[in-house]
file model_14.cif (mmCIF, C-alpha atoms)
data_input
#
loop_
_atom_site.group_PDB
_atom_site.id
_atom_site.type_symbol
_atom_site.label_atom_id
_atom_site.label_comp_id
_atom_site.auth_asym_id
_atom_site.auth_seq_id
_atom_site.Cartn_x
_atom_site.Cartn_y
_atom_site.Cartn_z
ATOM 1 C CA MET Z 27 131.599 102.955 130.288
ATOM 2 C CA THR Z 28 132.233 106.224 128.435
ATOM 3 C CA GLU Z 29 129.805 109.103 128.805
ATOM 4 C CA PRO Z 30 128.139 108.710 125.340
ATOM 5 C CA ALA Z 31 127.874 104.923 125.856
ATOM 6 C CA ARG Z 32 126.201 105.588 129.213
ATOM 7 C CA ILE Z 33 123.783 108.019 127.541
ATOM 8 C CA ILE Z 34 122.821 105.323 125.000
ATOM 9 C CA ALA Z 35 122.432 102.640 127.689
ATOM 10 C CA ASP Z 36 120.282 105.002 129.742
ATOM 11 C CA TYR Z 37 118.072 105.951 126.769
ATOM 12 C CA VAL Z 38 117.598 102.294 125.806
ATOM 13 C CA ARG Z 39 116.760 101.281 129.380
ATOM 14 C CA ARG Z 40 114.113 103.994 129.675
ATOM 15 C CA LEU Z 41 112.701 103.144 126.250
ATOM 16 C CA ARG Z 42 112.366 99.455 127.144
ATOM 17 C CA TRP Z 43 110.598 100.394 130.358
ATOM 18 C CA SER Z 44 108.187 102.727 128.531
ATOM 19 C CA LEU Z 45 107.345 100.033 125.954
ATOM 20 C CA GLN Z 46 105.818 97.681 128.562
ATOM 21 C CA ALA Z 47 102.486 97.677 126.709
ATOM 22 C CA ILE Z 48 104.095 95.971 123.691
ATOM 23 C CA PRO Z 49 104.705 92.182 123.715
ATOM 24 C CA CYS Z 50 108.204 91.200 124.809
ATOM 25 C CA GLU Z 51 109.552 89.892 121.492
ATOM 26 C CA ASP Z 52 108.469 92.962 119.492
ATOM 27 C CA ARG Z 53 109.641 95.260 122.265
ATOM 28 C CA GLU Z 54 113.152 93.801 122.114
ATOM 29 C CA GLY Z 55 113.205 94.257 118.317
ATOM 30 C CA ILE Z 56 112.259 97.932 118.660
ATOM 31 C CA VAL Z 57 114.780 98.550 121.439
ATOM 32 C CA ARG Z 58 117.534 96.796 119.479
ATOM 33 C CA GLU Z 59 116.867 98.895 116.394
ATOM 34 C CA ILE Z 60 116.928 102.195 118.314
ATOM 35 C CA GLU Z 61 120.090 101.094 120.133
ATOM 36 C CA SER Z 62 121.708 100.283 116.787
ATOM 37 C CA HIS Z 63 120.608 103.683 115.431
ATOM 38 C CA LEU Z 64 122.171 105.501 118.404
ATOM 39 C CA ALA Z 65 125.373 103.440 118.301
ATOM 40 C CA GLU Z 66 125.805 104.203 114.625
ATOM 41 C CA SER Z 67 125.131 107.906 115.252
ATOM 42 C CA LEU Z 68 127.822 107.875 117.938
ATOM 43 C CA ALA Z 69 130.223 106.151 115.535
ATOM 44 C CA THR Z 70 129.800 109.200 113.256
ATOM 45 C CA SER Z 71 130.388 111.757 116.059
ATOM 46 C CA PRO Z 72 129.217 112.561 119.592
ATOM 47 C CA GLU Z 73 127.436 115.620 118.157
ATOM 48 C CA ARG Z 74 125.525 113.334 115.765
ATOM 49 C CA LEU Z 75 124.439 111.255 118.776
ATOM 50 C CA ASP Z 76 123.131 114.388 120.530
ATOM 51 C CA ALA Z 77 121.248 115.365 117.360
ATOM 52 C CA SER Z 78 119.745 111.857 117.059
ATOM 53 C CA ILE Z 79 118.556 111.837 120.661
ATOM 54 C CA ALA Z 80 117.027 115.290 120.214
ATOM 55 C CA ALA Z 81 115.274 114.132 117.012
ATOM 56 C CA LEU Z 82 113.989 110.874 118.550
ATOM 57 C CA GLY Z 83 112.470 112.757 121.487
ATOM 58 C CA THR Z 84 112.375 111.509 125.061
ATOM 59 C CA PRO Z 85 112.234 107.699 125.483
ATOM 60 C CA HIS Z 86 108.711 108.088 126.842
ATOM 61 C CA ALA Z 87 107.509 110.176 123.863
ATOM 62 C CA LEU Z 88 109.095 107.769 121.374
ATOM 63 C CA ALA Z 89 107.517 104.781 123.145
ATOM 64 C CA ALA Z 90 104.129 106.516 123.046
ATOM 65 C CA ARG Z 91 104.404 106.800 119.247
ATOM 66 C CA PHE Z 92 105.163 103.089 118.949
ATOM 67 C CA VAL Z 93 102.350 102.123 121.302
ATOM 68 C CA GLN Z 94 99.856 104.348 119.476
ATOM 69 C CA GLU Z 95 100.500 102.595 116.153
ATOM 70 C CA TYR Z 96 100.905 99.214 117.756
ATOM 71 C CA ARG Z 97 97.495 99.286 119.461
ATOM 72 C CA LEU Z 98 95.755 98.352 116.253
ATOM 73 C CA ALA Z 99 98.552 96.566 114.393
ATOM 74 C CA GLY Z 100 99.607 94.487 117.401
ATOM 75 C CA ALA Z 101 96.125 93.534 118.473
ATOM 76 C CA LEU Z 102 95.512 91.973 115.075
ATOM 77 C CA GLY Z 103 97.850 89.091 115.759
ATOM 78 C CA GLU Z 104 95.865 88.033 118.807
ATOM 79 C CA ASP Z 105 92.601 86.194 119.138
ATOM 80 C CA ARG Z 106 91.678 87.708 122.489
ATOM 81 C CA PRO Z 107 88.656 89.980 122.025
ATOM 82 C CA ALA Z 108 89.499 92.542 124.745
ATOM 83 C CA PRO Z 109 92.521 94.150 122.989
ATOM 84 C CA LEU Z 110 90.616 94.148 119.696
ATOM 85 C CA ILE Z 111 87.572 95.837 121.230
ATOM 86 C CA ALA Z 112 89.843 98.325 123.029
ATOM 87 C CA ALA Z 113 91.634 99.184 119.764
ATOM 88 C CA MET Z 114 88.275 99.525 118.033
ATOM 89 C CA LEU Z 115 86.992 101.793 120.828
ATOM 90 C CA VAL Z 116 89.956 104.121 120.335
ATOM 91 C CA ARG Z 117 89.112 104.414 116.628
ATOM 92 C CA SER Z 118 85.333 104.355 116.958
ATOM 93 C CA GLY Z 119 85.179 108.087 117.703
ATOM 94 C CA ARG Z 120 86.507 108.718 114.210
ATOM 95 C CA SER Z 121 85.003 105.861 112.233
ATOM 96 C CA ALA Z 122 81.348 104.867 112.046
ATOM 97 C CA ALA Z 123 82.400 101.488 110.603
ATOM 98 C CA ALA Z 124 84.609 100.755 113.615
ATOM 99 C CA PHE Z 125 81.763 101.704 115.932
ATOM 100 C CA GLY Z 126 79.369 99.413 114.026
ATOM 101 C CA ALA Z 127 81.849 96.527 114.007
ATOM 102 C CA MET Z 128 82.342 96.916 117.745
ATOM 103 C CA LEU Z 129 78.589 96.889 118.448
ATOM 104 C CA VAL Z 130 78.012 93.815 116.265
ATOM 105 C CA ALA Z 131 80.974 92.026 117.886
ATOM 106 C CA MET Z 132 79.706 92.802 121.393
ATOM 107 C CA LEU Z 133 76.219 91.577 120.442
ATOM 108 C CA LEU Z 134 77.735 88.337 119.087
ATOM 109 C CA HIS Z 135 79.690 87.941 122.325
ATOM 110 C CA LEU Z 136 76.416 88.252 124.264
ATOM 111 C CA ILE Z 137 74.766 85.603 122.055
ATOM 112 C CA ALA Z 138 77.822 83.368 122.564
ATOM 113 C CA LEU Z 139 77.392 83.808 126.327
ATOM 114 C CA SER Z 140 73.720 82.825 126.069
ATOM 115 C CA PHE Z 141 74.583 79.653 124.120
ATOM 116 C CA ALA Z 142 77.230 78.814 126.720
ATOM 117 C CA ALA Z 143 74.688 79.412 129.509
ATOM 118 C CA VAL Z 144 72.255 76.989 127.836
ATOM 119 C CA ALA Z 145 74.953 74.284 127.767
ATOM 120 C CA ILE Z 146 75.927 74.935 131.394
ATOM 121 C CA VAL Z 147 72.383 75.089 132.849
ATOM 122 C CA LYS Z 148 71.058 71.978 131.002
ATOM 123 C CA PRO Z 149 72.717 69.405 133.332
ATOM 124 C CA LEU Z 150 71.555 71.387 136.408
ATOM 125 C CA PHE Z 151 67.912 71.997 135.392
ATOM 126 C CA PRO Z 152 67.275 69.542 132.535
ATOM 127 C CA SER Z 153 63.545 70.211 132.328
ATOM 128 C CA HIS Z 154 63.973 74.010 131.934
ATOM 129 C CA VAL Z 155 66.443 73.965 129.044
ATOM 130 C CA GLY Z 156 65.816 72.877 125.444
ATOM 131 C CA LEU Z 157 63.683 73.411 122.337
ATOM 132 C CA TRP Z 158 59.891 73.488 122.437
ATOM 133 C CA SER Z 159 57.264 73.889 119.792
ATOM 134 C CA LEU Z 160 54.760 76.360 121.238
ATOM 135 C CA PRO Z 161 51.570 77.729 119.637
ATOM 136 C CA GLN Z 162 53.283 81.121 119.159
ATOM 137 C CA GLY Z 163 56.361 79.532 117.557
ATOM 138 C CA PRO Z 164 59.473 77.563 118.531
ATOM 139 C CA ALA Z 165 61.188 78.438 121.842
ATOM 140 C CA PHE Z 166 64.878 77.723 122.438
ATOM 141 C CA GLY Z 167 66.887 78.367 125.578
ATOM 142 C CA ILE Z 168 66.256 78.501 129.301
ATOM 143 C CA LEU Z 169 62.611 78.850 130.358
ATOM 144 C CA ALA Z 170 61.514 79.502 133.942
ATOM 145 C CA ASP Z 171 58.071 77.946 133.372
ATOM 146 C CA THR Z 172 58.397 74.585 131.663
ATOM 147 C CA PRO Z 173 55.861 74.435 128.773
ATOM 148 C CA ALA Z 174 53.253 71.688 128.644
ATOM 149 C CA THR Z 175 54.462 70.479 125.229
ATOM 150 C CA PRO Z 176 57.314 67.936 125.287
ATOM 151 C CA GLU Z 177 60.884 69.140 124.947
ATOM 152 C CA MET Z 178 62.243 68.130 121.501
ATOM 153 C CA ILE Z 179 66.038 67.715 121.542
ATOM 154 C CA GLY Z 180 66.959 66.488 125.045
ATOM 155 C CA PHE Z 181 70.677 66.527 125.801
ATOM 156 C CA TRP Z 182 71.486 67.398 122.177
ATOM 157 C CA VAL Z 183 71.144 70.955 123.482
ATOM 158 C CA LEU Z 184 74.638 70.550 125.031
ATOM 159 C CA PRO Z 185 76.654 70.202 121.789
ATOM 160 C CA ILE Z 186 74.335 72.723 120.098
ATOM 161 C CA GLY Z 187 74.955 75.268 122.891
ATOM 162 C CA ILE Z 188 78.732 74.758 122.822
ATOM 163 C CA ALA Z 189 78.905 74.906 119.007
ATOM 164 C CA GLY Z 190 76.711 78.032 118.947
ATOM 165 C CA ALA Z 191 78.889 79.757 121.553
ATOM 166 C CA LEU Z 192 82.096 78.936 119.669
ATOM 167 C CA ALA Z 193 80.644 79.966 116.306
ATOM 168 C CA CYS Z 194 79.436 83.358 117.604
ATOM 169 C CA TYR Z 195 82.741 83.977 119.367
ATOM 170 C CA ALA Z 196 84.725 83.102 116.226
ATOM 171 C CA LEU Z 197 82.507 85.257 114.021
ATOM 172 C CA ALA Z 198 82.853 88.253 116.380
ATOM 173 C CA THR Z 199 86.648 87.878 116.380
ATOM 174 C CA ARG Z 200 86.638 87.642 112.577
ATOM 175 C CA ILE Z 201 84.624 90.844 112.297
ATOM 176 C CA LEU Z 202 86.943 92.687 114.695
ATOM 177 C CA ARG Z 203 90.079 91.488 112.921
ATOM 178 C CA GLY Z 204 88.664 92.258 109.486
ATOM 179 C CA MET Z 205 87.692 95.769 110.547
ATOM 180 C CA GLY Z 206 91.061 96.232 112.279
ATOM 181 C CA ARG Z 207 92.900 95.329 109.064
ATOM 182 C CA HIS Z 208 90.642 97.619 107.069
ATOM 183 C CA LEU Z 209 91.333 100.527 109.441
ATOM 184 C CA LEU Z 210 95.032 99.760 109.466
ATOM 185 C CA ARG Z 211 95.177 99.989 105.691
ATOM 186 C CA ARG Z 212 93.467 103.360 105.874
ATOM 187 C CA ALA Z 213 95.337 104.594 108.952
ATOM 188 C CA PRO Z 214 97.251 107.758 108.100
ATOM 189 C CA ALA Z 215 100.977 107.952 108.581
ATOM 190 C CA PHE Z 216 101.926 110.524 111.144
ATOM 191 C CA MET E 26 97.160 141.576 117.394
ATOM 192 C CA ALA E 27 100.249 139.705 118.593
ATOM 193 C CA TYR E 28 97.895 136.981 119.859
ATOM 194 C CA CYS E 29 96.362 136.679 116.370
ATOM 195 C CA ASN E 30 99.811 136.321 114.811
ATOM 196 C CA ILE E 31 100.773 133.603 117.276
ATOM 197 C CA MET E 32 97.512 131.774 116.548
ATOM 198 C CA ARG E 33 98.167 132.035 112.809
ATOM 199 C CA LEU E 34 101.679 130.644 113.251
ATOM 200 C CA MET E 35 100.319 127.776 115.353
ATOM 201 C CA ASP E 36 97.666 126.994 112.737
ATOM 202 C CA MET E 37 100.333 126.990 110.027
ATOM 203 C CA ALA E 38 102.599 124.698 112.048
ATOM 204 C CA SER E 39 99.763 122.258 112.708
ATOM 205 C CA TRP E 40 98.699 122.305 109.036
ATOM 206 C CA GLN E 41 102.253 121.710 107.834
ATOM 207 C CA SER E 42 102.644 118.856 110.298
ATOM 208 C CA GLN E 43 99.427 117.276 108.918
ATOM 209 C CA LEU E 44 100.763 117.648 105.370
ATOM 210 C CA ARG E 45 104.010 115.945 106.347
ATOM 211 C CA LYS E 46 102.169 113.151 108.139
ATOM 212 C CA GLY E 47 100.097 112.435 105.068
ATOM 213 C CA ALA E 48 103.164 112.336 102.857
ATOM 214 C CA ALA E 49 105.422 110.278 105.153
ATOM 215 C CA GLU E 50 104.122 106.845 104.142
ATOM 216 C CA LEU E 51 104.317 107.648 100.414
ATOM 217 C CA VAL E 52 107.857 109.008 100.826
ATOM 218 C CA LEU E 53 109.005 105.983 102.811
ATOM 219 C CA LEU E 54 107.530 103.420 100.412
ATOM 220 C CA THR E 55 109.001 105.321 97.446
ATOM 221 C CA VAL E 56 112.444 105.403 99.067
ATOM 222 C CA LEU E 57 112.281 101.652 99.717
ATOM 223 C CA SER E 58 111.114 100.965 96.167
ATOM 224 C CA ARG E 59 114.635 102.037 95.135
ATOM 225 C CA GLY E 60 116.054 99.129 97.133
ATOM 226 C CA GLU E 61 116.642 97.638 100.576
ATOM 227 C CA ALA E 62 117.815 100.100 103.241
ATOM 228 C CA TYR E 63 118.204 100.459 107.034
ATOM 229 C CA GLY E 64 117.010 103.312 109.280
ATOM 230 C CA LEU E 65 119.862 105.815 108.933
ATOM 231 C CA GLU E 66 120.178 105.068 105.223
ATOM 232 C CA ILE E 67 116.448 105.702 104.725
ATOM 233 C CA LEU E 68 116.771 109.005 106.628
ATOM 234 C CA ALA E 69 119.731 110.032 104.452
ATOM 235 C CA ARG E 70 117.772 109.249 101.281
ATOM 236 C CA ILE E 71 114.766 111.227 102.536
ATOM 237 C CA ARG E 72 116.895 114.130 103.763
ATOM 238 C CA SER E 73 118.503 114.541 100.362
ATOM 239 C CA ALA E 74 115.013 115.702 99.328
ATOM 240 C CA GLY E 75 114.294 117.839 102.421
ATOM 241 C CA GLU E 76 113.076 117.294 105.987
ATOM 242 C CA LEU E 77 109.952 115.181 105.564
ATOM 243 C CA VAL E 78 110.332 112.420 108.137
ATOM 244 C CA SER E 79 112.084 112.855 111.486
ATOM 245 C CA GLU E 80 113.940 110.115 113.333
ATOM 246 C CA GLY E 81 111.215 110.082 115.968
ATOM 247 C CA SER E 82 108.485 109.298 113.443
ATOM 248 C CA LEU E 83 110.527 107.042 111.119
ATOM 249 C CA TYR E 84 110.854 104.014 113.383
ATOM 250 C CA PRO E 85 107.233 103.826 114.594
ATOM 251 C CA LEU E 86 106.180 104.202 110.940
ATOM 252 C CA LEU E 87 108.550 101.406 109.842
ATOM 253 C CA ASN E 88 107.181 99.261 112.657
ATOM 254 C CA ARG E 89 103.592 99.835 111.575
ATOM 255 C CA LEU E 90 104.299 99.213 107.892
ATOM 256 C CA GLU E 91 106.072 95.985 108.822
ATOM 257 C CA LYS E 92 103.125 94.879 111.001
ATOM 258 C CA ALA E 93 100.755 95.690 108.132
ATOM 259 C CA GLY E 94 102.797 93.490 105.776
ATOM 260 C CA ARG E 95 103.836 96.315 103.451
ATOM 261 C CA ILE E 96 107.547 96.037 104.228
ATOM 262 C CA ILE E 97 109.682 93.262 105.640
ATOM 263 C CA GLY E 98 112.747 93.652 107.862
ATOM 264 C CA ARG E 99 115.815 91.470 108.334
ATOM 265 C CA TRP E 100 118.711 91.868 110.759
ATOM 266 C CA ASP E 101 122.195 91.971 109.338
ATOM 267 C CA LEU E 102 124.971 91.139 111.787
ATOM 268 C CA PRO E 103 128.361 92.092 110.364
ATOM 269 C CA ALA E 104 130.884 89.241 110.663
ATOM 270 C CA GLU E 105 133.633 91.595 111.882
ATOM 271 C CA GLY E 106 131.562 92.631 114.916
ATOM 272 C CA GLY E 107 130.248 95.940 113.610
ATOM 273 C CA ASN E 108 126.921 97.509 114.475
ATOM 274 C CA PRO E 109 123.878 95.275 113.702
ATOM 275 C CA ARG E 110 121.471 96.850 111.213
ATOM 276 C CA LYS E 111 117.851 96.132 110.382
ATOM 277 C CA TYR E 112 117.310 96.301 106.628
ATOM 278 C CA TYR E 113 113.834 96.835 105.179
ATOM 279 C CA ARG E 114 112.452 96.082 101.734
ATOM 280 C CA LEU E 115 109.000 96.283 100.159
ATOM 281 C CA THR E 116 106.752 93.225 100.059
ATOM 282 C CA ASP E 117 104.721 92.611 96.866
ATOM 283 C CA GLU E 118 101.769 94.237 98.615
ATOM 284 C CA GLY E 119 103.923 97.219 99.606
ATOM 285 C CA ALA E 120 105.249 97.622 96.051
ATOM 286 C CA ALA E 121 101.703 97.579 94.640
ATOM 287 C CA LEU E 122 100.604 100.090 97.276
ATOM 288 C CA ALA E 123 103.576 102.376 96.532
ATOM 289 C CA GLU E 124 102.619 102.366 92.839
ATOM 290 C CA ALA E 125 98.939 103.094 93.599
ATOM 291 C CA MET E 126 99.870 105.898 96.033
ATOM 292 C CA ARG E 127 102.211 107.399 93.456
ATOM 293 C CA ALA E 128 99.421 107.518 90.859
ATOM 294 C CA ALA E 129 97.014 109.031 93.408
ATOM 295 C CA TRP E 130 99.641 111.599 94.389
ATOM 296 C CA ILE E 131 100.156 112.686 90.770
ATOM 297 C CA ASP E 132 96.377 113.151 90.355
ATOM 298 C CA PHE E 133 96.216 115.089 93.602
ATOM 299 C CA ARG E 134 99.159 117.301 92.678
ATOM 300 C CA THR E 135 97.632 118.126 89.292
ATOM 301 C CA THR E 136 94.338 119.138 90.926
ATOM 302 C CA ILE E 137 96.035 121.278 93.573
ATOM 303 C CA THR E 138 98.299 122.936 91.021
ATOM 304 C CA THR E 139 95.296 123.830 88.886
ATOM 305 C CA LEU E 140 93.343 125.151 91.866
ATOM 306 C CA VAL E 141 95.985 126.887 93.938
ATOM 307 C CA GLU E 142 99.060 127.733 91.926
ATOM 308 C CA ASP E 143 97.461 128.684 88.627
ATOM 309 C CA GLN E 144 95.267 131.353 90.233
ATOM 310 C CA PRO E 145 95.568 134.605 88.292
#

call {"tool": "encode", "arguments": {"input": "model_14.cif", "output": "structure tokens"}}
result
Amino acid sequence: MTEPARIIADYVRRLRWSLQAIPCEDREGIVREIESHLAESLATSPERLDASIAALGTPHALAARFVQEYRLAGALGEDRPAPLIAAMLVRSGRSAAAFGAMLVAMLLHLIALSFAAVAIVKPLFPSHVGLWSLPQGPAFGILADTPATPEMIGFWVLPIGIAGALACYALATRILRGMGRHLLRRAPAF
Amino acid sequence: MAYCNIMRLMDMASWQSQLRKGAAELVLLTVLSRGEAYGLEILARIRSAGELVSEGSLYPLLNRLEKAGRIIGRWDLPAEGGNPRKYYRLTDEGAALAEAMRAAWIDFRTTITTLVEDQP
């Protein structure tokens, strides 16, 4: 391997290593494009290659720029809430809307958890879980003291709990993705 | 005194970098509205009008614009075994955005010219 070819291989190897945070397929695309850029610079002249490497910055610094932009853009393709909330947290210092979206999404996640808990606890303590009509209004969920009035929906609470959990989870994800897209459209270039 | 001058230079550098950052997306979308191009070609087109986007900021910006659906990339592998190149072009959304940004830029420039340059 010639010296310039070794320099390119070394740069590309370090870049790939620094891009670990980015999903494999996208990472390979980025690495391939930078490798192509360097190879074409070298085809012009070795001095052009040196200039390109100086302009790109260190592999670590270049990777950091990709990761910074990717945090939001990349998280949008996923349904997992953790990366979305993390991306929103990063932006929430600068955007009240992002902060609000994150709070609402976390609240919806809590409600989803409660619905799931209702569905899980019902088979274990059937008499403590359900819907009651009490003098002060209807009560739904898990009650430590079983009310005197009869429980109204029986094991129907299972599908209701599961559907409620899924609906809240889906709504929270929708809010996070919608806000992420909105922020991405407004995100400044650098 | 020397400290003040250094601080002023640093403020200027940071302000100019912010100006460039704000303009980079508009410049890139405008360049691509003239037709499909790959990284080095885009840089050459931008450089013919001055140093607005560096190599280090071009590729992350291209990546973000592609993720946001404003541009679309395709790999071109030369049959004779040359260097593979990733060509980018505007999507319909990107073309509409480029047009809207151009109009906003012209408004902005007119305001700034009136305020800053036409001072007696």

call {"tool": "closest_residue", "arguments": {"input": "model_14.cif", "among": "Z:Ala196, Z:Leu157, Z:Leu202, Z:Ala35", "to": "Ala123 of chain Z", "atoms": "only C-alpha atoms"}}
result
Z:Leu202

call {"tool": "resolve_selection", "arguments": {"input": "model_14.cif", "expression": "the PyMOL selection byres ((chain E and resi 77-91) around 7)", "output": "list of chain:residue names"}}
result
Z:Ala81, Z:Leu82, Z:Gly83, Z:Leu88, Z:Arg91, Z:Phe92, Z:Glu95, Z:Tyr96, Z:Ala99, Z:Ala215, E:Arg45, E:Ala49, E:Ile71, E:Gly75, E:Glu76, E:Lys92, E:Ala93, E:Gly94, E:Arg95, E:Ile96, E:Ile97

call {"tool": "residues_around", "arguments": {"input": "model_14.cif", "residues": "segment 57-59 of chain Z", "least_positions_apart": "5", "cutoff": "10 Å", "atoms": "all atoms listed in the file", "output": "ChimeraX atom specification"}}
result
/Z:37-42,45,52,64-65,89 /E:63-64,84,100,109-111

call {"tool": "atom_distance", "arguments": {"input": "model_14.cif", "atom1": "atom CA of Leu102 of chain E", "atom2": "atom CA of Ser71 of chain Z"}}
result
21.7 Å

call {"tool": "residues_around", "arguments": {"input": "model_14.cif", "residues": "Val56 of chain E", "least_positions_apart": "4", "cutoff": "9 Å", "atoms": "all atoms listed in the file", "output": "PyMOL selection string"}}
result
chain E and resi 51-52+60-62+67+70-71

call {"tool": "closest_residue", "arguments": {"input": "model_14.cif", "among": "E:Leu115, E:Leu57, E:Leu122, E:Ile31", "to": "chain Z", "atoms": "all atoms listed in the file"}}
result
E:Leu122

call {"tool": "atom_distance", "arguments": {"input": "model_14.cif", "atom1": "atom CA of Pro176 of chain Z", "atom2": "atom CA of Leu192 of chain Z"}}
result
27.7 Å

call {"tool": "closest_residue", "arguments": {"input": "model_14.cif", "among": "E:Thr135, E:Asn108, E:Asn30, E:Thr116", "to": "chain Z", "atoms": "only C-alpha atoms"}}
result
E:Asn108

call {"tool": "closest_residue", "arguments": {"input": "model_14.cif", "among": "Z:Gly126, Z:Pro152, Z:Pro164, Z:Gly206", "to": "chain E", "atoms": "all atoms listed in the file"}}
result
Z:Gly206

call {"tool": "closest_residue", "arguments": {"input": "model_14.cif", "among": "E:Ala129, E:Ala120, E:Val141, E:Leu44", "to": "chain Z", "atoms": "only C-alpha atoms"}}
result
E:Leu44

call {"tool": "axis_aligned_box", "arguments": {"input": "model_14.cif", "around": "segment 31-50 of chain Z", "padding_each_side": "4 Å", "output": "AutoDock Vina command-line options"}}
result
--center_x 115.2 --center_y 99.6 --center_z 127.0 --size_x 33.4 --size_y 24.8 --size_z 14.7

call {"tool": "closest_residue", "arguments": {"input": "model_14.cif", "among": "Z:Val147, Z:Ala77, Z:Leu110, Z:Ile34", "to": "chain E", "atoms": "all atoms listed in the file"}}
result
Z:Ala77

call {"tool": "residues_around", "arguments": {"input": "model_14.cif", "residues": "segment 178-183 of chain Z", "least_positions_apart": "4", "cutoff": "8 Å", "atoms": "all atoms listed in the file", "output": "PyMOL selection string"}}
result
chain Z and resi 144-145+148+155-159+187

call {"tool": "write_last_selection", "arguments": {"input": "model_14.cif", "atoms": "C-alpha atoms", "output": "tab-separated table (two decimals), keeping the file's coordinate frame"}}
result
chain	number	residue	atom	x	y	z
Z	144	VAL	CA	72.26	76.99	127.84
Z	145	ALA	CA	74.95	74.28	127.77
Z	148	LYS	CA	71.06	71.98	131.00
Z	155	VAL	CA	66.44	73.96	129.04
Z	156	GLY	CA	65.82	72.88	125.44
Z	157	LEU	CA	63.68	73.41	122.34
Z	158	TRP	CA	59.89	73.49	122.44
Z	159	SER	CA	57.26	73.89	119.79
Z	187	GLY	CA	74.96	75.27	122.89

call {"tool": "atom_distance", "arguments": {"input": "model_14.cif", "atom1": "atom CA of Ser78 of chain Z", "atom2": "atom CA of Met37 of chain E"}}
result
25.6 Å
